[in-house]
>>> print(open('start_37.json').read())   # JSON, C-alpha atoms
[["chain", "number", "residue", "atom", "x", "y", "z"],
["J", 536, "MET", "CA", -11.77, -58.98, -0.36],
["J", 537, "ASP", "CA", -10.97, -61.09, -3.40],
["J", 538, "TYR", "CA", -13.24, -63.80, -4.70],
["J", 539, "LEU", "CA", -12.54, -66.67, -7.04],
["J", 540, "ALA", "CA", -14.13, -66.16, -10.38],
["J", 541, "THR", "CA", -17.06, -68.17, -11.58],
["J", 542, "THR", "CA", -15.63, -70.88, -13.81],
["J", 543, "ALA", "CA", -17.20, -72.90, -16.57],
["J", 544, "CYS", "CA", -15.19, -75.90, -17.73],
["J", 545, "THR", "CA", -15.44, -78.30, -20.60],
["J", 546, "THR", "CA", -13.18, -81.36, -20.50],
["J", 547, "GLY", "CA", -11.88, -83.20, -23.53],
["J", 548, "PHE", "CA", -11.77, -86.92, -24.06],
["J", 549, "ASN", "CA", -8.65, -87.31, -21.92],
["J", 550, "GLY", "CA", -10.51, -86.24, -18.79],
["J", 551, "LEU", "CA", -8.03, -83.58, -17.65],
["J", 552, "THR", "CA", -9.33, -81.50, -14.74],
["J", 553, "CYS", "CA", -10.35, -77.92, -15.40],
["J", 554, "PHE", "CA", -9.21, -75.41, -12.78],
["J", 555, "ALA", "CA", -9.22, -71.66, -13.30],
["J", 556, "PRO", "CA", -9.14, -69.67, -10.05],
["J", 557, "THR", "CA", -9.05, -66.03, -11.13],
["J", 558, "PRO", "CA", -8.85, -63.34, -8.42],
["J", 559, "CYS", "CA", -11.56, -60.76, -8.88],
["J", 560, "ALA", "CA", -12.62, -57.87, -6.72],
["J", 561, "GLU", "CA", -15.86, -57.96, -4.78],
["J", 562, "ASP", "CA", -18.95, -57.68, -7.00],
["J", 563, "GLU", "CA", -16.96, -58.67, -10.07],
["J", 564, "PHE", "CA", -17.15, -61.85, -12.04],
["J", 565, "THR", "CA", -15.34, -63.54, -14.88],
["J", 566, "MET", "CA", -16.17, -66.58, -16.94],
["J", 567, "VAL", "CA", -13.24, -68.73, -17.99],
["J", 568, "THR", "CA", -13.73, -71.74, -20.22],
["J", 569, "HIS", "CA", -11.16, -74.52, -20.46],
["J", 570, "PHE", "CA", -10.92, -77.01, -23.28],
["J", 571, "ALA", "CA", -8.70, -79.95, -22.35],
["J", 572, "TYR", "CA", -7.38, -82.09, -25.18],
["J", 573, "ALA", "CA", -4.91, -84.92, -25.39],
["J", 574, "LEU", "CA", -1.77, -82.98, -24.56],
["J", 575, "THR", "CA", -3.11, -79.42, -24.51],
["J", 576, "ASP", "CA", -4.96, -77.43, -21.90],
["J", 577, "MET", "CA", -6.20, -74.29, -23.64],
["J", 578, "THR", "CA", -7.75, -71.44, -21.71],
["J", 579, "LEU", "CA", -9.76, -68.65, -23.28],
["J", 580, "PRO", "CA", -8.68, -65.56, -21.30],
["J", 581, "SER", "CA", -11.18, -63.10, -19.92],
["J", 582, "ASN", "CA", -11.01, -60.15, -17.55],
["J", 583, "CYS", "CA", -12.80, -59.32, -14.34],
["J", 584, "THR", "CA", -15.75, -57.10, -15.12],
["J", 585, "PRO", "CA", -18.70, -55.75, -13.15],
["J", 586, "THR", "CA", -21.69, -58.04, -13.00],
["J", 587, "PRO", "CA", -24.17, -56.94, -15.70],
["J", 588, "GLY", "CA", -26.52, -54.36, -14.19],
["J", 589, "GLN", "CA", -24.30, -53.97, -11.11],
["J", 590, "ASP", "CA", -23.67, -50.44, -9.84],
["J", 591, "PRO", "CA", -19.90, -50.04, -10.45],
["J", 592, "THR", "CA", -19.55, -47.90, -7.31],
["J", 593, "ALA", "CA", -19.18, -51.01, -5.16],
["J", 594, "VAL", "CA", -16.62, -52.46, -7.53],
["J", 595, "ILE", "CA", -14.23, -49.51, -7.46],
["J", 596, "ASN", "CA", -14.71, -48.25, -3.90],
["J", 597, "ALA", "CA", -11.29, -49.37, -2.69],
["J", 598, "ALA", "CA", -9.55, -48.10, -5.81],
["J", 599, "VAL", "CA", -11.07, -44.64, -5.35],
["J", 600, "TYR", "CA", -9.24, -44.16, -2.05],
["J", 601, "GLN", "CA", -5.90, -44.82, -3.75],
["J", 602, "ALA", "CA", -6.82, -42.32, -6.47],
["J", 603, "PHE", "CA", -7.73, -39.80, -3.74],
["J", 604, "ARG", "CA", -4.30, -40.31, -2.13],
["J", 605, "ASP", "CA", -2.67, -39.54, -5.48],
["J", 606, "VAL", "CA", -4.51, -36.22, -5.97],
["J", 607, "PRO", "CA", -2.17, -33.24, -5.40],
["J", 608, "LEU", "CA", -3.53, -31.47, -2.33],
["J", 609, "PRO", "CA", -2.94, -27.81, -1.51],
["J", 610, "GLN", "CA", 0.08, -27.21, 0.69],
["J", 611, "THR", "CA", -0.86, -26.59, 4.31],
["J", 612, "VAL", "CA", 0.37, -23.13, 5.31],
["J", 613, "LEU", "CA", 0.54, -22.33, 9.03],
["J", 614, "GLN", "CA", 0.16, -18.62, 9.83],
["J", 615, "ILE", "CA", 0.89, -17.06, 13.20],
["J", 616, "GLN", "CA", 0.14, -13.66, 14.71],
["J", 617, "PRO", "CA", 2.07, -11.69, 15.90],
["J", 618, "PRO", "CA", 3.91, -12.10, 12.58],
["J", 619, "ASP", "CA", 7.65, -12.50, 11.87],
["J", 620, "GLY", "CA", 7.98, -15.62, 14.00],
["J", 621, "THR", "CA", 8.08, -13.85, 17.38],
["J", 622, "THR", "CA", 5.57, -13.69, 20.22],
["J", 623, "LEU", "CA", 5.57, -12.91, 23.94],
["J", 624, "VAL", "CA", 5.19, -14.96, 27.10],
["J", 625, "ASN", "CA", 1.62, -14.97, 28.48],
["J", 626, "LEU", "CA", 0.28, -13.40, 25.28],
["J", 627, "GLU", "CA", -2.52, -15.06, 23.30],
["J", 628, "THR", "CA", -0.76, -16.10, 20.11],
["J", 629, "ASN", "CA", -3.09, -16.53, 17.15],
["J", 630, "PHE", "CA", -2.88, -19.48, 14.72],
["J", 631, "PHE", "CA", -4.76, -19.93, 11.47],
["J", 632, "THR", "CA", -4.61, -21.27, 7.94],
["J", 633, "THR", "CA", -6.54, -20.78, 4.71],
["J", 634, "THR", "CA", -7.95, -23.83, 2.95],
["J", 635, "GLU", "CA", -10.78, -24.28, 0.48],
["J", 636, "PRO", "CA", -12.71, -27.34, -0.75],
["J", 637, "PHE", "CA", -12.20, -28.25, -4.38],
["J", 638, "THR", "CA", -13.38, -30.78, -6.94],
["J", 639, "THR", "CA", -11.49, -32.87, -9.44],
["J", 640, "THR", "CA", -12.13, -35.76, -11.80],
["J", 641, "VAL", "CA", -10.09, -38.95, -12.02],
["J", 642, "THR", "CA", -10.38, -42.20, -13.96],
["J", 643, "VAL", "CA", -10.56, -45.37, -11.89],
["J", 644, "LEU", "CA", -10.75, -48.78, -13.55],
["J", 645, "GLY", "CA", -12.14, -47.16, -16.67],
["J", 646, "TYR", "CA", -14.84, -45.18, -14.86],
["J", 647, "THR", "CA", -15.10, -41.41, -14.59],
["J", 648, "VAL", "CA", -15.02, -40.56, -10.89],
["J", 649, "GLU", "CA", -15.76, -37.12, -9.47],
["J", 650, "LEU", "CA", -14.08, -36.22, -6.18],
["J", 651, "ASP", "CA", -15.39, -33.47, -3.88],
["J", 652, "ILE", "CA", -12.45, -32.88, -1.53],
["J", 653, "THR", "CA", -12.82, -30.95, 1.73],
["J", 654, "PRO", "CA", -10.54, -30.08, 4.67],
["J", 655, "THR", "CA", -12.32, -31.52, 7.69],
["J", 656, "THR", "CA", -9.99, -31.29, 10.70],
["J", 657, "TYR", "CA", -6.86, -29.41, 11.70],
["J", 658, "THR", "CA", -4.28, -30.65, 14.21],
["J", 659, "TRP", "CA", -2.22, -27.84, 15.73],
["J", 660, "ASP", "CA", 1.11, -28.71, 17.34],
["J", 661, "PHE", "CA", 2.29, -25.71, 19.34],
["J", 662, "GLY", "CA", 5.75, -27.14, 19.91],
["J", 663, "ASP", "CA", 5.61, -27.09, 23.72],
["J", 664, "GLY", "CA", 4.06, -30.53, 24.08],
["J", 665, "THR", "CA", 0.55, -29.20, 23.52],
["J", 666, "THR", "CA", -1.64, -30.16, 20.55],
["J", 667, "THR", "CA", -5.29, -29.61, 19.72],
["J", 668, "THR", "CA", -7.55, -30.77, 16.91],
["J", 669, "THR", "CA", -10.31, -28.54, 15.58],
["J", 670, "THR", "CA", -12.77, -28.38, 12.73],
["J", 671, "SER", "CA", -11.99, -24.68, 12.35],
["J", 672, "PRO", "CA", -9.07, -23.36, 10.29],
["J", 673, "GLY", "CA", -8.79, -20.39, 12.63],
["J", 674, "ALA", "CA", -8.98, -16.78, 11.50],
["J", 675, "PRO", "CA", -6.71, -13.73, 11.33],
["J", 676, "TYR", "CA", -6.89, -10.93, 13.89],
["J", 677, "PRO", "CA", -9.25, -9.60, 15.18],
["J", 678, "ASP", "CA", -11.34, -12.77, 14.84],
["J", 679, "LEU", "CA", -9.23, -14.84, 17.23],
["J", 680, "ASP", "CA", -10.32, -18.47, 17.10],
["J", 681, "ILE", "CA", -7.30, -20.76, 17.59],
["J", 682, "THR", "CA", -4.96, -19.26, 20.21],
["J", 683, "HIS", "CA", -2.27, -20.55, 22.53],
["J", 684, "VAL", "CA", -0.47, -19.00, 25.50],
["J", 685, "TYR", "CA", 3.21, -19.81, 26.05],
["J", 686, "THR", "CA", 4.35, -19.59, 29.67],
["J", 687, "ARG", "CA", 8.09, -19.82, 29.06],
["J", 688, "THR", "CA", 10.56, -18.23, 26.69],
["J", 689, "GLY", "CA", 12.25, -20.35, 24.07],
["J", 690, "THR", "CA", 12.05, -21.56, 20.50],
["J", 691, "TYR", "CA", 9.06, -23.74, 19.69],
["J", 692, "PRO", "CA", 8.73, -25.81, 16.47],
["J", 693, "THR", "CA", 5.09, -25.37, 15.44],
["J", 694, "THR", "CA", 3.26, -27.38, 12.78],
["J", 695, "LEU", "CA", -0.24, -27.84, 11.42],
["J", 696, "THR", "CA", -1.65, -31.00, 9.84],
["J", 697, "THR", "CA", -4.75, -30.64, 7.67],
["J", 698, "THR", "CA", -6.86, -33.77, 7.28],
["J", 699, "TRP", "CA", -8.73, -33.98, 3.97],
["J", 700, "SER", "CA", -11.84, -36.07, 3.32],
["J", 701, "ALA", "CA", -13.65, -36.68, 0.06],
["J", 702, "ASP", "CA", -16.97, -37.71, -1.41],
["J", 703, "PHE", "CA", -17.12, -39.42, -4.77],
["J", 704, "ARG", "CA", -19.59, -40.44, -7.42],
["J", 705, "VAL", "CA", -19.20, -42.72, -10.40],
["J", 706, "ASP", "CA", -20.58, -41.77, -13.82],
["J", 707, "GLY", "CA", -23.05, -39.31, -12.28],
["J", 708, "ARG", "CA", -24.51, -41.71, -9.70],
["J", 709, "ASP", "CA", -25.20, -40.82, -6.06],
["J", 710, "TRP", "CA", -22.43, -39.32, -3.92],
["J", 711, "GLN", "CA", -20.68, -41.58, -1.41],
["J", 712, "ARG", "CA", -17.95, -41.00, 1.17],
["J", 713, "VAL", "CA", -14.44, -42.15, 0.34],
["J", 714, "GLN", "CA", -13.40, -44.69, 2.97],
["J", 715, "GLY", "CA", -10.25, -42.98, 4.20],
["J", 716, "THR", "CA", -8.64, -39.58, 4.73],
["J", 717, "VAL", "CA", -5.37, -37.96, 3.69],
["J", 718, "ASP", "CA", -3.16, -35.84, 6.00],
["J", 719, "MET", "CA", -1.18, -32.86, 4.70],
["J", 720, "PRO", "CA", 1.38, -31.49, 7.20],
["J", 721, "SER", "CA", 2.75, -27.97, 6.99],
["J", 722, "PRO", "CA", 6.43, -27.09, 7.06],
["J", 723, "THR", "CA", 7.67, -26.48, 10.61],
["J", 724, "LEU", "CA", 7.79, -22.87, 11.80],
["J", 725, "ASP", "CA", 10.16, -22.05, 14.66],
["J", 726, "LEU", "CA", 8.36, -19.60, 16.90],
["J", 727, "GLN", "CA", 10.46, -17.40, 19.19],
["J", 728, "VAL", "CA", 8.78, -16.69, 22.54],
["J", 729, "ARG", "CA", 10.30, -13.79, 24.45],
["J", 730, "GLU", "CA", 9.74, -11.78, 27.61],
["J", 731, "ALA", "CA", 8.17, -8.37, 27.21],
["J", 732, "THR", "CA", 10.73, -5.62, 27.81],
["J", 733, "PRO", "CA", 9.44, -2.45, 29.50],
["J", 734, "VAL", "CA", 10.48, 0.79, 27.82],
["J", 735, "LEU", "CA", 10.38, 4.19, 29.52],
["J", 736, "THR", "CA", 9.10, 7.07, 27.44],
["J", 737, "GLY", "CA", 9.35, 10.69, 28.31]]
>>> encode(input="start_37.json", output="structure tokens")
Amino acid sequence: MDYLATTACTTGFNGLTCFAPTPCAEDEFTMVTHFAYALTDMTLPSNCTPTPGQDPTAVINAAVYQAFRDVPLPQTVLQIQPPDGTTLVNLETNFFTTTEPFTTTVTVLGYTVELDITPTTYTWDFGDGTTTTTTSPGAPYPDLDITHVYTRTGTYPTTLTTTWSADFRVDGRDWQRVQGTVDMPSPTLDLQVREATPVLTG
């Protein structure tokens, strides 16, 4: 929310009205002084700044989310077992990804902001109209965690969307949660689902 800045005005002998609405972010203030003279209205410019003694975390909270959105996130990589993009009807097909938390530092409105970025949820789209959201990234065989059984043959476009959250702190102050998340979808993998073919062996 924007607030009008605090304004101090001094009028000259001509009695012109002083008016200096300056949009400032929440918990910011600015002091603008006007001197009105016969044919001149002179304004001394000033910028929005945090209130003296104010924790700047509240001032930049909204700006931090935009900075978080601009951070390059790791590409989401969907992995499927059996490998090579082929599985069988009525077989438990395994899905997983590998993601790791990381930290980075950005500058927001002149402040040094640390971001602790973590993958928090995973939305699996199995391509057959079925989706599920988990807090687990799955695991490779034999630790089956995220599996799906296809009941019909066909080609299924599968995707995974990783949702990233972040905590932040300003100039070494206490950690706070960024108010918003960022989704990173994977490229689509076309999974071939086939019938098992019996083979006679002698």
>>> atom_distance(input="start_37.json", atom1="atom CA of Val684 of chain J", atom2="atom CA of Trp699 of chain J")
27.5 Å
>>> closest_residue(input="start_37.json", among="J:Val643, J:Ala731, J:Leu626, J:Leu726", to="Gln601 of chain J", atoms="only C-alpha atoms")
J:Val643
>>> closest_residue(input="start_37.json", among="J:Gln714, J:Pro618, J:Ala602, J:Gly662", to="Val641 of chain J", atoms="only C-alpha atoms")
J:Ala602
>>> residues_around(input="start_37.json", residues="Asp651 of chain J", least_positions_apart="2", cutoff="9 Å", atoms="only C-alpha atoms", output="ChimeraX atom specification")
/J:636-640,649,653,700-704
>>> closest_residue(input="start_37.json", among="J:Pro720, J:Gly715, J:Pro675, J:Gly707", to="Phe631 of chain J", atoms="all atoms listed in the file")
J:Pro675
>>> closest_residue(input="start_37.json", among="J:Thr647, J:Gln610, J:Thr682, J:Thr621", to="Met719 of chain J", atoms="all atoms listed in the file")
J:Gln610
>>> atom_distance(input="start_37.json", atom1="atom CA of Asn596 of chain J", atom2="atom CA of Leu644 of chain J")
10.4 Å
>>> atom_distance(input="start_37.json", atom1="atom CA of Thr670 of chain J", atom2="atom CA of Pro609 of chain J")
17.3 Å
>>> closest_residue(input="start_37.json", among="J:Val717, J:Val728, J:Val705, J:Val612", to="Val648 of chain J", atoms="only C-alpha atoms")
J:Val705
>>> residues_around(input="start_37.json", residues="His683 of chain J", least_positions_apart="2", cutoff="10 Å", atoms="all atoms listed in the file", output="PyMOL selection string")
chain J and resi 625-630+659+661+665-667+680-681+685-686
>>> write_last_selection(input="start_37.json", atoms="C-alpha atoms", output="mmCIF file, in the coordinates of the input")
data_model
loop_
_atom_site.group_PDB
_atom_site.id
_atom_site.type_symbol
_atom_site.label_atom_id
_atom_site.label_comp_id
_atom_site.auth_asym_id
_atom_site.auth_seq_id
_atom_site.Cartn_x
_atom_site.Cartn_y
_atom_site.Cartn_z
ATOM 1 C CA ASN J 625 1.620 -14.970 28.480
ATOM 2 C CA LEU J 626 0.280 -13.400 25.280
ATOM 3 C CA GLU J 627 -2.520 -15.060 23.300
ATOM 4 C CA THR J 628 -0.760 -16.100 20.110
ATOM 5 C CA ASN J 629 -3.090 -16.530 17.150
ATOM 6 C CA PHE J 630 -2.880 -19.480 14.720
ATOM 7 C CA TRP J 659 -2.220 -27.840 15.730
ATOM 8 C CA PHE J 661 2.290 -25.710 19.340
ATOM 9 C CA THR J 665 0.550 -29.200 23.520
ATOM 10 C CA THR J 666 -1.640 -30.160 20.550
ATOM 11 C CA THR J 667 -5.290 -29.610 19.720
ATOM 12 C CA ASP J 680 -10.320 -18.470 17.100
ATOM 13 C CA ILE J 681 -7.300 -20.760 17.590
ATOM 14 C CA TYR J 685 3.210 -19.810 26.050
ATOM 15 C CA THR J 686 4.350 -19.590 29.670
#
>>> residues_around(input="start_37.json", residues="Thr716 of chain J", least_positions_apart="4", cutoff="10 Å", atoms="all atoms listed in the file", output="MDAnalysis selection string")
chainID J and resid 600 603:604 652 654:655 698:701
>>> closest_residue(input="start_37.json", among="J:Leu695, J:Leu724, J:Ile615, J:Leu650", to="Thr668 of chain J", atoms="all atoms listed in the file")
J:Leu695
>>> build_atoms(input="start_37.json", residues="segment 663-688 of chain J", atoms="N, CA and C atoms", output="short mmCIF file (atom, residue, chain, number, x, y, z; two decimals), in the coordinates of the input")
data_model
loop_
_atom_site.label_atom_id
_atom_site.label_comp_id
_atom_site.auth_asym_id
_atom_site.auth_seq_id
_atom_site.Cartn_x
_atom_site.Cartn_y
_atom_site.Cartn_z
N ASP J 663 5.27 -27.04 22.29
CA ASP J 663 5.61 -27.09 23.72
C ASP J 663 5.01 -28.32 24.38
N GLY J 664 4.70 -29.33 23.57
CA GLY J 664 4.06 -30.53 24.08
C GLY J 664 2.55 -30.48 24.06
N THR J 665 2.00 -29.37 23.56
CA THR J 665 0.55 -29.20 23.52
C THR J 665 0.06 -29.30 22.08
N THR J 666 -0.99 -30.09 21.86
CA THR J 666 -1.64 -30.16 20.55
C THR J 666 -3.15 -30.05 20.75
N THR J 667 -3.83 -29.64 19.70
CA THR J 667 -5.29 -29.61 19.72
C THR J 667 -5.79 -29.85 18.31
N THR J 668 -6.94 -30.50 18.21
CA THR J 668 -7.55 -30.77 16.91
C THR J 668 -8.89 -30.04 16.84
N THR J 669 -9.10 -29.32 15.75
CA THR J 669 -10.31 -28.54 15.58
C THR J 669 -10.91 -28.79 14.20
N THR J 670 -12.15 -28.39 14.06
CA THR J 670 -12.77 -28.38 12.73
C THR J 670 -12.67 -27.00 12.09
N SER J 671 -12.14 -26.05 12.84
CA SER J 671 -11.99 -24.68 12.35
C SER J 671 -10.57 -24.45 11.86
N PRO J 672 -10.41 -23.71 10.75
CA PRO J 672 -9.07 -23.36 10.29
C PRO J 672 -8.49 -22.15 10.99
N GLY J 673 -9.23 -21.62 11.99
CA GLY J 673 -8.79 -20.39 12.63
C GLY J 673 -9.11 -19.18 11.77
N ALA J 674 -8.70 -18.02 12.23
CA ALA J 674 -8.98 -16.78 11.50
C ALA J 674 -7.96 -15.73 11.91
N PRO J 675 -7.65 -14.80 10.99
CA PRO J 675 -6.71 -13.73 11.33
C PRO J 675 -7.33 -12.73 12.30
N TYR J 676 -6.48 -11.99 12.97
CA TYR J 676 -6.89 -10.93 13.89
C TYR J 676 -7.81 -9.96 13.15
N PRO J 677 -8.90 -9.50 13.75
CA PRO J 677 -9.25 -9.60 15.18
C PRO J 677 -10.13 -10.79 15.54
N ASP J 678 -10.46 -11.63 14.56
CA ASP J 678 -11.34 -12.77 14.84
C ASP J 678 -10.51 -13.93 15.38
N LEU J 679 -10.06 -13.81 16.62
CA LEU J 679 -9.23 -14.84 17.23
C LEU J 679 -10.06 -16.10 17.48
N ASP J 680 -9.58 -17.22 16.98
CA ASP J 680 -10.32 -18.47 17.10
C ASP J 680 -9.42 -19.57 17.68
N ILE J 681 -8.25 -19.76 17.09
CA ILE J 681 -7.30 -20.76 17.59
C ILE J 681 -6.12 -20.00 18.20
N THR J 682 -6.05 -19.98 19.53
CA THR J 682 -4.96 -19.26 20.21
C THR J 682 -4.26 -20.18 21.19
N HIS J 683 -3.04 -19.78 21.54
CA HIS J 683 -2.27 -20.55 22.53
C HIS J 683 -1.40 -19.58 23.32
N VAL J 684 -1.27 -19.84 24.63
CA VAL J 684 -0.47 -19.00 25.50
C VAL J 684 0.78 -19.77 25.92
N TYR J 685 1.94 -19.22 25.62
CA TYR J 685 3.21 -19.81 26.05
C TYR J 685 3.60 -19.21 27.40
N THR J 686 4.02 -20.05 28.32
CA THR J 686 4.35 -19.59 29.67
C THR J 686 5.85 -19.47 29.90
N ARG J 687 6.64 -19.90 28.93
CA ARG J 687 8.09 -19.82 29.06
C ARG J 687 8.70 -19.33 27.75
N THR J 688 9.83 -18.65 27.89
CA THR J 688 10.56 -18.23 26.69
C THR J 688 11.21 -19.44 26.04
#
